[in-house]
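One file, data_20.cif, carrying mmCIF, C-alpha atoms:
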```cif
data_input
#
loop_
_atom_site.label_atom_id
_atom_site.label_comp_id
_atom_site.auth_asym_id
_atom_site.auth_seq_id
_atom_site.Cartn_x
_atom_site.Cartn_y
_atom_site.Cartn_z
CA MET Q 1 -12.05 -3.37 15.62
CA LEU Q 2 -15.02 -5.66 16.28
CA CYS Q 3 -16.69 -6.33 12.92
CA ASP Q 4 -19.37 -8.50 11.35
CA PHE Q 5 -17.35 -9.30 8.23
CA ALA Q 6 -19.80 -11.88 6.85
CA GLY Q 7 -23.05 -10.09 7.71
CA ASP Q 8 -24.30 -13.19 9.53
CA GLY Q 9 -24.14 -11.86 13.10
CA VAL Q 10 -20.88 -13.59 14.02
CA PRO Q 11 -18.27 -11.09 15.32
CA TYR Q 12 -14.68 -10.97 14.15
CA LEU Q 13 -11.86 -9.20 16.00
CA TYR Q 14 -9.52 -7.26 13.70
CA VAL Q 15 -6.23 -6.21 15.35
CA TYR Q 16 -3.66 -4.19 13.49
CA SER Q 17 -0.45 -2.29 14.13
CA SER Q 18 -0.44 1.48 14.44
CA THR Q 19 2.83 1.46 12.48
CA ASN Q 20 1.23 -0.01 9.36
CA ASP Q 21 2.03 1.59 6.03
CA THR Q 22 1.79 0.60 2.40
CA ASP Q 23 5.05 -1.34 2.44
CA SER Q 24 4.85 -2.97 5.86
CA GLN Q 25 1.50 -4.29 7.02
CA SER Q 26 0.76 -6.25 10.17
CA PHE Q 27 -2.63 -7.45 11.36
CA GLU Q 28 -4.50 -10.41 12.83
CA ILE Q 29 -8.12 -11.50 12.46
CA TYR Q 30 -9.79 -13.71 15.05
CA GLY Q 31 -12.98 -15.64 14.32
CA TRP Q 32 -15.53 -17.38 16.51
CA THR Q 33 -16.40 -21.02 15.83
CA GLY Q 34 -18.59 -22.88 18.28
CA ARG Q 35 -17.41 -21.67 21.68
CA THR Q 36 -13.82 -20.99 20.68
CA ALA Q 37 -12.09 -17.86 19.42
CA GLU Q 38 -9.32 -18.68 16.93
CA LEU Q 39 -6.75 -16.82 14.86
CA ILE Q 40 -7.96 -17.28 11.28
CA PHE Q 41 -5.68 -14.94 9.33
CA ASP Q 42 -2.55 -12.93 10.03
CA THR Q 43 0.31 -11.18 8.34
CA ASP Q 44 3.35 -9.23 9.44
CA ALA Q 45 6.13 -7.15 7.93
CA GLU Q 46 7.98 -10.24 6.69
CA LYS Q 47 4.92 -11.81 5.06
CA SER Q 48 3.83 -8.52 3.50
CA TYR Q 49 7.21 -7.97 1.84
CA ARG Q 50 6.34 -7.67 -1.88
CA ASN Q 51 2.76 -8.61 -0.99
CA ASN Q 52 -0.24 -6.33 -0.60
CA PHE Q 53 -3.22 -7.07 1.62
CA TYR Q 54 -6.47 -5.21 1.03
CA ILE Q 55 -9.74 -5.38 2.94
CA TYR Q 56 -12.63 -4.01 0.93
CA GLU Q 57 -16.42 -4.24 0.64
CA ASP Q 58 -17.81 -6.16 -2.30
CA GLU Q 59 -21.16 -5.82 -4.00
CA ASN Q 60 -22.59 -8.80 -2.10
CA ASN Q 61 -22.53 -7.01 1.27
CA LYS Q 62 -19.53 -9.00 2.51
CA TYR Q 63 -15.96 -8.24 3.41
CA GLU Q 64 -13.06 -9.99 1.76
CA ILE Q 65 -9.32 -10.05 2.22
CA ARG Q 66 -7.66 -9.63 -1.11
CA MET Q 67 -4.01 -10.69 -1.18
CA ASP Q 68 -1.95 -9.48 -4.13
CA TYR Q 69 1.49 -10.92 -4.76
CA GLU Q 70 3.47 -8.93 -7.30
CA GLU Q 71 6.41 -10.47 -9.09
CA TYR Q 72 8.18 -8.69 -11.93
CA CYS Q 73 9.47 -11.11 -14.57
CA PRO Q 74 10.83 -9.20 -17.58
CA PRO Q 75 9.35 -8.54 -20.04
CA ALA Q 76 6.07 -9.42 -18.26
CA LEU Q 77 4.30 -7.83 -15.29
CA PHE Q 78 2.79 -10.66 -13.28
CA TYR Q 79 0.39 -10.75 -10.31
CA ARG Q 80 -0.97 -13.69 -8.34
CA VAL Q 81 -4.20 -12.96 -6.43
CA GLN Q 82 -6.22 -14.89 -3.88
CA THR Q 83 -9.60 -13.64 -2.67
CA TYR Q 84 -10.84 -14.67 0.76
CA ALA Q 85 -14.41 -14.54 2.10
CA PHE Q 86 -15.76 -14.79 5.65
CA ALA Q 87 -18.49 -17.15 6.81
CA GLU Q 88 -19.55 -18.73 10.11
CA GLY Q 89 -16.63 -17.36 12.06
CA THR Q 90 -13.88 -18.53 9.73
CA ILE Q 91 -12.30 -17.66 6.38
CA LYS Q 92 -11.73 -19.46 3.08
CA ILE Q 93 -10.38 -18.86 -0.41
CA ILE Q 94 -13.18 -18.35 -2.92
CA CYS Q 95 -11.16 -17.26 -5.93
CA GLU Q 96 -7.63 -17.58 -7.30
CA ARG Q 97 -6.38 -15.77 -10.36
CA THR Q 98 -3.29 -14.58 -12.18
CA GLU Q 99 -2.96 -11.25 -13.96
CA GLU Q 100 -0.23 -10.77 -16.56
CA ASN Q 101 0.83 -8.06 -19.00
CA ASN Q 102 3.73 -9.00 -21.25
CA PHE Q 103 4.04 -5.48 -22.77
CA GLU Q 104 4.08 -6.97 -26.26
CA ASP Q 105 0.38 -6.68 -27.05
CA GLU Q 106 -0.39 -4.18 -24.22
CA LEU Q 107 -3.17 -6.49 -23.02
CA TRP Q 108 -3.88 -7.93 -19.59
CA HIS Q 109 -4.46 -11.69 -19.51
CA VAL Q 110 -6.48 -12.58 -16.40
CA ILE Q 111 -7.01 -16.25 -15.54
CA GLU Q 112 -9.60 -16.69 -12.79
CA ASN Q 113 -10.45 -20.19 -11.55
CA GLY Q 114 -9.09 -21.58 -14.80
CA VAL Q 115 -10.98 -19.23 -17.16
CA GLU Q 116 -8.98 -16.64 -19.13
CA THR Q 117 -10.27 -13.14 -19.93
CA VAL Q 118 -8.32 -10.52 -21.88
CA TYR Q 119 -8.57 -6.83 -20.95
CA THR Q 120 -7.14 -3.64 -22.40
CA SER Q 121 -5.12 -1.49 -20.01
CA GLU Q 122 -8.09 0.87 -19.57
CA GLU Q 123 -10.48 -2.03 -18.83
CA TYR Q 124 -8.00 -3.53 -16.37
CA SER Q 125 -7.66 -0.22 -14.52
CA THR Q 126 -11.45 0.01 -14.23
CA LEU Q 127 -11.57 -3.60 -13.00
CA THR Q 128 -9.16 -2.99 -10.12
CA ALA Q 129 -9.96 0.64 -9.22
CA GLY Q 130 -11.72 1.18 -5.93
CA ARG Q 131 -10.85 -2.22 -4.55
CA SER Q 132 -7.13 -1.90 -3.88
CA GLN Q 133 -6.83 1.58 -2.38
CA THR Q 134 -8.72 3.03 0.57
CA GLU Q 135 -8.78 6.51 -0.93
CA ASN Q 136 -10.53 5.24 -4.08
CA HIS Q 137 -13.21 3.35 -2.18
CA LYS Q 138 -16.81 4.39 -2.92
CA HIS Q 139 -19.09 3.28 -0.12
CA THR Q 140 -22.64 2.35 -1.21
CA LEU Q 141 -23.72 -0.08 1.51
CA PRO Q 142 -26.28 0.87 4.22
CA TYR Q 143 -23.95 0.76 7.27
CA THR Q 144 -20.75 2.35 8.56
CA CYS Q 145 -17.96 1.85 6.05
CA PHE Q 146 -15.06 -0.33 7.18
CA HIS Q 147 -12.63 2.42 6.26
CA ALA Q 148 -14.62 4.95 8.33
CA ILE Q 149 -14.67 2.94 11.57
CA GLN Q 150 -12.71 4.54 14.41
CA PRO Q 151 -10.45 1.83 15.89
CA SER Q 152 -10.24 1.25 19.64
CA THR Q 153 -7.25 0.94 21.91
CA LEU Q 154 -6.77 -2.32 23.79
CA GLN Q 155 -8.30 -0.90 26.98
CA GLU Q 156 -11.29 0.53 25.10
CA MET Q 157 -11.83 -2.78 23.31
CA MET Q 158 -11.73 -4.70 26.60
CA GLU Q 159 -14.37 -2.39 28.06
CA GLY Q 160 -16.50 -2.69 24.95
CA LEU Q 161 -16.26 -6.50 24.89
CA ASN Q 162 -17.32 -6.70 28.53
CA GLN Q 163 -20.40 -4.61 27.76
CA TYR Q 164 -21.03 -6.59 24.56
CA ALA Q 165 -20.88 -9.87 26.49
CA ALA Q 166 -23.24 -8.55 29.16
CA LEU Q 167 -25.80 -7.41 26.60
CA TRP Q 168 -25.47 -10.67 24.64
CA GLY Q 169 -26.17 -12.58 27.86
CA GLY Q 170 -29.25 -10.50 28.61
CA GLU Q 171 -27.62 -8.61 31.49
CA SER Q 172 -27.28 -4.90 32.07
CA THR Q 173 -23.83 -3.40 31.90
CA LYS Q 174 -24.23 -2.42 35.53
CA GLN Q 175 -24.80 -6.04 36.54
CA SER Q 176 -21.75 -7.15 34.60
CA GLY Q 177 -19.52 -4.75 36.48
CA ALA Q 178 -18.95 -2.50 33.48
CA GLN Q 179 -18.64 1.18 34.30
CA PRO Q 180 -19.15 4.35 32.26
CA VAL Q 181 -15.97 5.22 30.39
CA ASP Q 182 -15.45 8.48 32.31
CA ASP Q 183 -15.73 6.68 35.67
CA MET Q 184 -13.33 3.96 34.54
CA GLY Q 185 -10.86 6.61 33.40
CA ASP Q 186 -11.04 8.28 36.81
CA ASN Q 187 -10.52 4.94 38.56
CA ILE Q 188 -7.53 4.07 36.39
CA ALA Q 189 -5.96 7.48 37.01
CA ALA Q 190 -6.42 7.07 40.77
CA ALA Q 191 -4.95 3.55 40.71
CA LYS Q 192 -2.00 4.77 38.66
CA ASP Q 193 -1.27 7.59 41.11
CA ALA Q 194 -1.42 5.15 44.03
CA MET Q 195 1.02 2.77 42.31
CA LEU Q 196 3.50 5.53 41.52
CA GLU Q 197 3.45 6.60 45.15
CA GLN Q 198 4.13 3.01 46.23
CA TYR Q 199 7.09 2.82 43.85
CA ARG Q 200 8.41 6.12 45.23
CA GLN Q 201 8.16 4.86 48.82
CA PHE Q 202 9.93 1.62 47.86
CA LEU Q 203 12.84 3.43 46.22
CA GLN Q 204 13.16 5.69 49.27
CA GLY Q 205 13.32 2.69 51.62
CA ASN Q 206 9.94 3.31 53.26
CA LEU Q 207 8.20 0.25 51.79
CA THR Q 208 9.26 -3.35 51.17
CA ALA Q 209 8.39 -5.66 48.29
CA GLU Q 210 8.09 -9.44 48.27
CA TYR Q 211 10.97 -11.15 46.46
CA GLU Q 212 11.39 -14.94 46.51
CA GLY Q 213 9.36 -15.25 49.69
CA SER Q 214 11.10 -12.45 51.61
CA GLN Q 215 10.29 -8.79 52.15
CA MET Q 216 13.05 -6.50 50.89
CA THR Q 217 13.79 -2.80 50.58
CA MET Q 218 15.53 -1.44 47.49
CA ASN Q 219 18.87 -1.32 49.33
CA GLU Q 220 18.49 -4.91 50.48
CA LEU Q 221 17.81 -6.03 46.92
CA CYS Q 222 21.03 -4.33 45.75
CA GLU Q 223 22.98 -5.87 48.64
CA LEU Q 224 21.67 -9.31 47.73
CA TYR Q 225 23.00 -9.06 44.19
CA GLU Q 226 26.28 -7.56 45.39
CA SER Q 227 26.76 -10.54 47.72
CA TYR Q 228 26.74 -12.88 44.73
CA GLU Q 229 30.03 -11.33 43.58
CA GLY Q 230 31.88 -11.12 46.89
CA ASP Q 231 34.33 -8.27 47.29
CA GLN Q 232 33.77 -7.19 43.68
CA GLY Q 233 30.12 -6.28 44.27
CA GLN Q 234 29.26 -2.60 43.75
CA SER Q 235 25.87 -2.07 42.16
CA THR Q 236 24.22 0.74 40.22
CA GLY Q 237 20.47 0.84 39.70
CA ARG Q 238 18.70 2.02 36.57
CA PHE Q 239 14.91 2.37 36.39
CA ALA Q 240 12.12 2.72 33.81
CA LEU Q 241 8.33 2.89 33.84
CA THR Q 242 6.59 0.61 31.35
CA ASP Q 243 3.11 -0.70 30.55
CA PHE Q 244 3.75 -3.89 28.59
CA ASP Q 245 0.30 -5.36 29.29
CA MET Q 246 -1.32 -2.09 28.10
CA ASP Q 247 -3.69 -1.83 31.07
CA LYS Q 248 -2.72 1.83 31.64
CA LEU Q 249 -1.16 0.85 34.98
CA PRO Q 250 2.65 1.12 35.16
CA GLU Q 251 5.28 -1.38 36.21
CA LEU Q 252 8.74 -0.30 37.35
CA GLN Q 253 11.62 -2.02 35.61
CA ILE Q 254 14.68 -2.30 37.84
CA PHE Q 255 18.04 -3.09 36.23
CA ILE Q 256 20.84 -3.52 38.77
CA HIS Q 257 24.30 -3.40 37.21
CA THR Q 258 27.30 -4.97 38.95
CA PRO Q 259 30.85 -5.39 37.60
CA TYR Q 260 30.01 -8.82 36.16
CA TYR Q 261 26.25 -8.99 35.60
CA THR Q 262 23.07 -7.07 34.99
CA TYR Q 263 20.17 -8.30 37.12
CA MET Q 264 16.73 -7.43 35.76
CA ASN Q 265 13.52 -7.27 37.77
CA THR Q 266 9.98 -5.93 37.49
CA LEU Q 267 8.34 -4.21 40.46
CA TYR Q 268 4.55 -4.32 40.36
CA SER Q 269 1.61 -3.68 42.67
CA THR Q 270 -1.00 -6.22 43.82
CA GLU Q 271 -3.80 -6.20 46.38
CA GLU Q 272 -1.36 -7.91 48.77
CA GLY Q 273 1.29 -5.23 48.26
CA LEU Q 274 4.39 -4.73 46.13
CA LYS Q 275 6.08 -7.71 44.51
CA ILE Q 276 9.28 -8.23 42.53
CA ARG Q 277 9.73 -10.83 39.81
CA ASP Q 278 12.85 -11.75 37.91
CA ILE Q 279 12.95 -11.21 34.19
CA PRO Q 280 14.07 -14.55 32.62
CA GLY Q 281 17.65 -14.61 31.43
CA SER Q 282 18.44 -11.62 33.59
CA ALA Q 283 22.20 -12.08 33.86
CA SER Q 284 24.31 -10.47 31.12
CA ALA Q 285 27.91 -11.54 30.68
CA SER Q 286 30.76 -9.29 31.78
CA GLY Q 287 31.44 -6.51 29.32
CA GLY Q 288 28.09 -6.98 27.65
CA THR Q 289 25.08 -4.77 27.24
CA VAL Q 290 21.33 -5.12 27.63
CA MET Q 291 18.60 -3.00 26.06
CA LEU Q 292 14.84 -3.09 26.61
CA TYR Q 293 12.30 -2.05 23.96
CA THR Q 294 8.73 -0.83 24.24
CA THR Q 295 7.29 -4.16 23.05
CA GLY Q 296 9.03 -6.03 25.89
CA LEU Q 297 11.90 -7.17 23.67
CA LEU Q 298 15.32 -7.56 25.30
CA GLN Q 299 18.57 -7.27 23.36
CA PHE Q 300 21.66 -8.81 24.94
CA GLY Q 301 25.13 -7.99 23.65
CA TYR Q 302 27.74 -10.35 25.00
CA GLY Q 303 30.80 -8.25 24.40
CA MET Q 304 33.72 -8.78 22.08
CA SER Q 305 35.91 -11.85 22.50
CA ALA Q 306 39.00 -12.78 20.52
CA GLU Q 307 36.94 -14.85 18.13
CA ARG Q 308 33.37 -13.54 17.83
CA TYR Q 309 30.67 -11.04 18.77
CA GLU Q 310 27.21 -12.21 19.86
CA GLU Q 311 23.76 -10.63 20.24
CA CYS Q 312 20.54 -12.31 21.42
CA PHE Q 313 16.92 -11.21 21.39
CA GLU Q 314 14.49 -12.48 24.01
CA THR Q 315 11.17 -11.31 25.46
CA ILE Q 316 10.57 -10.40 29.09
CA GLN Q 317 8.47 -13.58 29.28
CA GLY Q 318 11.55 -15.65 28.41
CA GLU Q 319 10.87 -16.45 24.75
CA ARG Q 320 14.11 -16.81 22.81
CA LEU Q 321 13.49 -15.13 19.47
CA ALA Q 322 16.82 -14.77 17.69
CA TYR Q 323 20.53 -15.42 18.06
CA PHE Q 324 23.11 -13.45 16.06
CA ALA Q 325 26.84 -14.06 15.91
CA TYR Q 326 29.64 -12.47 13.90
CA ILE Q 327 32.82 -14.56 13.68
CA TYR Q 328 36.24 -13.06 12.96
CA GLU Q 329 37.82 -14.76 9.99
CA GLU Q 330 41.27 -13.57 11.13
CA PHE Q 331 40.97 -15.91 14.13
CA PHE Q 332 39.75 -19.06 12.36
CA GLY Q 333 41.40 -18.80 8.93
CA GLU Q 334 40.64 -21.88 6.85
CA GLU Q 335 38.41 -23.29 9.60
CA ILE Q 336 35.90 -20.45 9.24
CA ASP Q 337 33.16 -22.59 7.62
CA SER Q 338 33.32 -25.13 10.45
CA ALA Q 339 33.24 -22.33 13.00
CA VAL Q 340 30.11 -20.86 11.41
CA GLU Q 341 28.29 -24.22 11.48
CA TYR Q 342 29.35 -24.81 15.08
CA GLN Q 343 28.03 -21.41 16.15
CA LYS Q 344 24.73 -22.00 14.35
CA GLU Q 345 24.31 -25.29 16.20
CA GLN Q 346 25.05 -23.52 19.50
CA GLY Q 347 22.24 -21.05 18.83
CA ARG Q 348 19.80 -23.83 17.98
CA GLN Q 349 20.70 -25.84 21.09
CA GLU Q 350 20.03 -22.78 23.25
CA GLY Q 351 16.47 -22.75 21.94
CA TYR Q 352 16.40 -19.66 19.73
CA GLU Q 353 13.68 -19.60 17.07
CA GLU Q 354 15.96 -17.93 14.50
CA VAL Q 355 19.74 -18.21 14.18
CA PHE Q 356 21.91 -15.87 12.09
CA VAL Q 357 25.68 -16.38 11.90
CA SER Q 358 28.00 -14.49 9.56
CA TYR Q 359 31.73 -13.87 9.36
CA GLY Q 360 34.24 -11.35 8.14
CA SER Q 361 36.93 -8.94 9.18
CA GLU Q 362 37.14 -7.72 12.77
CA ALA Q 363 37.32 -4.13 11.54
CA TYR Q 364 34.23 -2.06 12.40
CA ASP Q 365 33.99 -0.62 8.89
CA ALA Q 366 34.34 -3.95 7.08
CA PRO Q 367 31.38 -4.43 4.66
CA SER Q 368 30.44 -7.75 6.28
CA ARG Q 369 30.47 -6.16 9.74
CA VAL Q 370 28.38 -3.22 8.55
CA GLU Q 371 25.84 -5.64 7.05
CA TYR Q 372 25.75 -7.64 10.31
CA ASP Q 373 25.09 -4.47 12.32
CA ARG Q 374 22.31 -3.53 9.88
CA MET Q 375 20.64 -6.91 10.42
CA ILE Q 376 20.74 -6.36 14.17
CA SER Q 377 19.23 -2.88 13.82
CA ASP Q 378 16.51 -4.11 11.45
CA PHE Q 379 15.50 -6.94 13.78
CA ALA Q 380 15.33 -4.60 16.78
CA ALA Q 381 13.28 -2.05 14.81
CA GLU Q 382 10.84 -4.66 13.50
CA HIS Q 383 10.26 -6.53 16.77
CA GLY Q 384 11.14 -4.04 19.46
CA GLY Q 385 9.73 -0.64 18.65
CA LYS Q 386 11.58 2.11 20.51
CA GLU Q 387 14.25 1.65 23.15
CA VAL Q 388 12.96 2.17 26.70
CA GLN Q 389 14.50 5.16 28.48
CA PHE Q 390 16.15 4.26 31.80
CA TYR Q 391 16.95 6.72 34.60
CA SER Q 392 19.07 6.89 37.72
CA GLN Q 393 17.31 6.54 41.08
CA GLU Q 394 17.33 10.30 41.60
CA GLU Q 395 15.94 10.94 38.10
CA ILE Q 396 13.13 8.38 38.41
CA LEU Q 397 12.10 9.77 41.79
CA ASN Q 398 11.72 13.18 40.20
CA LEU Q 399 9.52 11.64 37.51
CA LEU Q 400 7.38 9.76 40.04
#
```

In structure tokens, write the structure found in this file.
Amino acid sequence: MLCDFAGDGVPYLYVYSSTNDTDSQSFEIYGWTGRTAELIFDTDAEKSYRNNFYIYEDENNKYEIRMDYEEYCPPALFYRVQTYAFAEGTIKIICERTEENNFEDELWHVIENGVETVYTSEEYSTLTAGRSQTENHKHTLPYTCFHAIQPSTLQEMMEGLNQYAALWGGESTKQSGAQPVDDMGDNIAAAKDAMLEQYRQFLQGNLTAEYEGSQMTMNELCELYESYEGDQGQSTGRFALTDFDMDKLPELQIFIHTPYYTYMNTLYSTEEGLKIRDIPGSASASGGTVMLYTTGLLQFGYGMSAERYEECFETIQGERLAYFAYIYEEFFGEEIDSAVEYQKEQGRQEGYEEVFVSYGSEAYDAPSRVEYDRMISDFAAEHGGKEVQFYSQEEILNLL
């Protein structure tokens, strides 16, 4: 959404996840200061755990972010609240308060900016009603309600911003190169069809793609990777269509599996023709697995050794997000603590932002192993979205 949160003519860009719900919120707000757009506020599923974030209209014709932190401390019910306001392209805290009900006198003690006010339960409910929940909101201001705005997709927002910039600069949308939405949709559909046909011709050996300065067919790409492994080389290709940059134009992900490695590439179309780029970290150890998710997250499983099991999460751009390891206590015995610290240090040295190392029995149904597997699943679900469906060459050709 593009919004004038402060009512002063300065636009803010509000970006949120389509998977948001009451318990797991994720959004970013960008402001405009001088000639620079900056991230001024953000939250995600981790930050919103036990926290609630509300955007609501106040009586002064402004928008505010209200952040409620709820902590239950028996016998009291305790809230900590910060209220944010927008101005001149940025955001600041204008109010801090605590709200507490100790259940002994059935009263709410609210301390706001150092001043305490006592409310009955009925008065407190009236105080907070309409501000915390969208369904209770009563719109009285003379413009489209924030909760009634229809959000845009990334492509729609890009088109709108281009037209907005042209109008702001005193140009017509025609001069700026912007096109009517229907025409742009037709152009995108035509470009998509042309790309899919190029991918089909490449897979059938009728077109080449540039890879590391050379033109290659699909068969030649497979033969190149097979040559790395000598007599052991026998490859199998798996393919998937993705749109990680959300421009409505597909890329073709090509995973070539050999006995020892999985080589990962992206085939994409340019004005100069088809090109192939490596996905960073594209070799997976023997016996391991690799999964790709709809957000561009990669999950590497490095197989089971005699002493540990490892999983890593990286992005297709090469960012190393998280390293997980599960160490078998049967192998290390009394040295298990040292082994855990060593494995943590290994993960840090390899440049992963987060490192998780646990230990326990090698048995699949051991409680510690079950908990480790749950952590892996939770991380993949939070950061990856859904797993990308891959197909054989024959299957993908039928889809193209």

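Between atom CA of Gly301 of chain Q and atom CA of Lys386 of chain Q lies a distance of 17.2 Å.
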
What does the PyMOL selection byres ((chain Q and resi 28) around 7) select in this file, as a PyMOL selection string?
chain Q and resi 14-16+27+29-30+41-43

Since we have the selection now, will you write its residues out, keeping C-alpha atoms, as a short mmCIF file (atom, residue, chain, number, x, y, z; two decimals), in the coordinates of the input?
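Generated file (out_0.cif):
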```cif
data_model
loop_
_atom_site.label_atom_id
_atom_site.label_comp_id
_atom_site.auth_asym_id
_atom_site.auth_seq_id
_atom_site.Cartn_x
_atom_site.Cartn_y
_atom_site.Cartn_z
CA TYR Q 14 -9.52 -7.26 13.70
CA VAL Q 15 -6.23 -6.21 15.35
CA TYR Q 16 -3.66 -4.19 13.49
CA PHE Q 27 -2.63 -7.45 11.36
CA ILE Q 29 -8.12 -11.50 12.46
CA TYR Q 30 -9.79 -13.71 15.05
CA PHE Q 41 -5.68 -14.94 9.33
CA ASP Q 42 -2.55 -12.93 10.03
CA THR Q 43 0.31 -11.18 8.34
#
```

Just the number, please: distance in Å from atom CA of Gln155 of chain Q to atom CA of Met246 of chain Q, one decimal.
7.2 Å

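Distances here use only C-alpha atoms; by that measure, the residue among Q:Leu249, Q:Leu2, Q:Ala165, Q:Ile149 closest to Lys192 of chain Q is Q:Leu249.
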
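Restricting the calculation to only C-alpha atoms, the smallest distance between Gln215 of chain Q and any of Q:Ile254, Q:Ala325, Q:Leu274, Q:Leu298 is found for Q:Leu274.
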
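As for atom CA of Met195 of chain Q and atom CA of Ser17 of chain Q, they are spaced 28.7 Å apart.
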
Could you list, as a ChimeraX atom specification, every residue matched by the PyMOL selection byres ((chain Q and resi 119) around 7) in this structure?
/Q:107-109,117-118,120-121,123-124

Ground truth for the PyMOL selection byres ((chain Q and resi 398) around 12), written as a PDB file with C-alpha atoms, in the coordinates of the input:
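Writing the result to part-v2.pdb gives the following:
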```pdb
ATOM      1  CA  LEU Q 196       3.500   5.530  41.520  1.00  0.00           C
ATOM      2  CA  GLU Q 197       3.450   6.600  45.150  1.00  0.00           C
ATOM      3  CA  TYR Q 199       7.090   2.820  43.850  1.00  0.00           C
ATOM      4  CA  ARG Q 200       8.410   6.120  45.230  1.00  0.00           C
ATOM      5  CA  LEU Q 203      12.840   3.430  46.220  1.00  0.00           C
ATOM      6  CA  GLN Q 204      13.160   5.690  49.270  1.00  0.00           C
ATOM      7  CA  PHE Q 239      14.910   2.370  36.390  1.00  0.00           C
ATOM      8  CA  TYR Q 391      16.950   6.720  34.600  1.00  0.00           C
ATOM      9  CA  SER Q 392      19.070   6.890  37.720  1.00  0.00           C
ATOM     10  CA  GLN Q 393      17.310   6.540  41.080  1.00  0.00           C
ATOM     11  CA  GLU Q 394      17.330  10.300  41.600  1.00  0.00           C
ATOM     12  CA  GLU Q 395      15.940  10.940  38.100  1.00  0.00           C
ATOM     13  CA  ILE Q 396      13.130   8.380  38.410  1.00  0.00           C
ATOM     14  CA  LEU Q 397      12.100   9.770  41.790  1.00  0.00           C
ATOM     15  CA  LEU Q 399       9.520  11.640  37.510  1.00  0.00           C
ATOM     16  CA  LEU Q 400       7.380   9.760  40.040  1.00  0.00           C
TER      17      LEU Q 400
END
```

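Counting all atoms listed in the file and comparing Q:Thr258, Q:Thr289, Q:Ser269, Q:Asn101, the residue that lies closest to Leu207 of chain Q is Q:Ser269.
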
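Within 8 Å of the point (18.6, -12.8, 15.4) in file coordinates, and counting all atoms listed in the file, lie the residues Glu311, Cys312, Phe313, Leu321, Ala322, Tyr323, Phe324, Glu354, Val355, Phe356, Met375, Ile376 and Phe379 of chain Q.
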
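Closest to Asp278 of chain Q among Q:Asp365, Q:Asp44, Q:Glu210, Q:Asp8 is Q:Glu210, based on all atoms listed in the file.
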